Amino acid sequence: MRIELYSSEYLNIVELNTTGDNENYIKGDSESKYAQSEVFNLFASCFENANKLYEFFGATKFNSRKIVPLRNELNNKLEAFENIKSLAEFQEHLKQVFLGQEFVDELMVEDKNWMDKWETYRDKLIQVNIDLLEIVDKCIEEQKVLWVIGY
């Protein structure tokens with residue numbers, strides 16, 4: 001826990017916001033969901049592949065043209081996570097992800113014995129993946145725009 005005052009440059013989260021339209025969104029809306037960047041980074045390639053204009057710092061819009069490709073990318077990522085059957089495979093997957101080592105480093109800080117419970121962490125990532133897919137599906141069904149904002 002950070003018990004100090006700090007500037008916005010130290011924010012390290014990603015906001016998933018479905019409250020806007022093609023031009024604007026309501027920053028920090030109560031409907032928004034957030035992910036720590038160490039977790040989001042494991043899924044960042046899905047967003048980059050679906051929208052070549054994706055920027056981590058700033059707002060990126062996933063409208064009706066970009067949301068289905070994002071869904072496909074997230075489905076592929078979910079399948080990859082579900083196919084991981086060993087600690088070695090889990091570590092290899094994380095190693096292949098850009099900034100995946102940051103996730104491992106954060107795990108080491110929070111849980112020195114994370115390797116003994118790697119399946120729990122894989123399952124939590126699967127749940128994050130499912131939650132991302134639910135947000136995307138809601139956008140598709142309700143014809144909403146998904147804004148992804150990195151801080």
# chains A, B, ... in the order shown; residues from 1 in each chain; ligands from 1
>>> residues_around(residues="Glu48 of chain A", least_positions_apart="5", cutoff="10 Å", atoms="only C-alpha atoms", output="ChimeraX atom specification")
/A:43,53-56,60,70,73
>>> residues_around(residues="segment 29-31 of chain A", least_positions_apart="4", cutoff="9 Å", atoms="only C-alpha atoms", output="PyMOL selection string")
chain A and resi 16-19+25
>>> write_last_selection(atoms="all heavy atoms", output="compact mmCIF listing (two decimals), in the first residue's frame")
# COMPACT_ATOMS: atom_id res chain seq x y z
N LEU A 16 -11.43 0.48 -18.29
CA LEU A 16 -12.26 -0.05 -19.36
C LEU A 16 -13.62 0.61 -19.22
O LEU A 16 -14.36 0.35 -18.27
CB LEU A 16 -12.36 -1.57 -19.25
CG LEU A 16 -11.00 -2.27 -19.30
CD1 LEU A 16 -11.02 -3.58 -18.57
CD2 LEU A 16 -10.56 -2.44 -20.73
N ASN A 17 -13.95 1.49 -20.14
CA ASN A 17 -15.07 2.39 -20.00
C ASN A 17 -16.05 2.19 -21.15
O ASN A 17 -15.67 2.27 -22.31
CB ASN A 17 -14.54 3.83 -19.97
CG ASN A 17 -15.58 4.86 -19.70
OD1 ASN A 17 -16.64 4.87 -20.31
ND2 ASN A 17 -15.26 5.77 -18.79
N THR A 18 -17.32 1.96 -20.82
CA THR A 18 -18.35 1.74 -21.84
C THR A 18 -19.42 2.84 -21.81
O THR A 18 -20.51 2.64 -22.33
CB THR A 18 -19.03 0.37 -21.66
OG1 THR A 18 -19.64 0.32 -20.37
CG2 THR A 18 -18.04 -0.76 -21.80
N THR A 19 -19.11 3.99 -21.23
CA THR A 19 -20.13 5.02 -21.03
C THR A 19 -20.16 6.08 -22.12
O THR A 19 -20.98 6.98 -22.07
CB THR A 19 -19.90 5.74 -19.69
OG1 THR A 19 -18.62 6.38 -19.72
CG2 THR A 19 -19.96 4.77 -18.53
N TYR A 25 -16.17 10.06 -23.61
CA TYR A 25 -16.50 9.10 -22.58
C TYR A 25 -16.49 9.82 -21.24
O TYR A 25 -15.94 10.92 -21.11
CB TYR A 25 -15.53 7.92 -22.56
CG TYR A 25 -14.09 8.32 -22.31
CD1 TYR A 25 -13.57 8.34 -21.02
CD2 TYR A 25 -13.26 8.69 -23.36
CE1 TYR A 25 -12.26 8.73 -20.79
CE2 TYR A 25 -11.96 9.07 -23.13
CZ TYR A 25 -11.46 9.09 -21.84
OH TYR A 25 -10.17 9.47 -21.61
>>> select_by_dssp(residues="chain A", states="strand (DSSP E or B)", output="JSON, numbers by chain")
{"A": [13, 14, 15, 16, 17, 33, 34, 35, 36, 57, 58, 59, 60, 61, 62, 146, 147, 148, 149, 150]}
>>> write_last_selection(atoms="C-alpha atoms", output="mmCIF file, in the first residue's frame")
data_model
loop_
_atom_site.group_PDB
_atom_site.id
_atom_site.type_symbol
_atom_site.label_atom_id
_atom_site.label_comp_id
_atom_site.auth_asym_id
_atom_site.auth_seq_id
_atom_site.Cartn_x
_atom_site.Cartn_y
_atom_site.Cartn_z
ATOM 1 C CA ILE A 13 -3.963 1.229 -14.084
ATOM 2 C CA VAL A 14 -6.113 0.780 -17.149
ATOM 3 C CA GLU A 15 -9.742 1.885 -17.259
ATOM 4 C CA LEU A 16 -12.259 -0.054 -19.363
ATOM 5 C CA ASN A 17 -15.074 2.390 -19.996
ATOM 6 C CA LYS A 33 -13.761 -1.456 -14.660
ATOM 7 C CA TYR A 34 -10.066 -1.194 -13.873
ATOM 8 C CA ALA A 35 -7.041 -3.449 -14.132
ATOM 9 C CA GLN A 36 -3.536 -3.028 -12.772
ATOM 10 C CA PHE A 57 -1.162 6.029 -22.238
ATOM 11 C CA GLY A 58 -4.266 7.767 -23.450
ATOM 12 C CA ALA A 59 -7.689 6.736 -24.655
ATOM 13 C CA THR A 60 -8.270 4.210 -27.424
ATOM 14 C CA LYS A 61 -11.712 3.664 -28.909
ATOM 15 C CA PHE A 62 -13.037 0.228 -29.837
ATOM 16 C CA LEU A 146 -15.394 0.512 -25.427
ATOM 17 C CA TRP A 147 -12.813 3.081 -24.384
ATOM 18 C CA VAL A 148 -9.536 1.742 -22.993
ATOM 19 C CA ILE A 149 -7.626 4.362 -21.052
ATOM 20 C CA GLY A 150 -4.199 3.821 -19.565
#
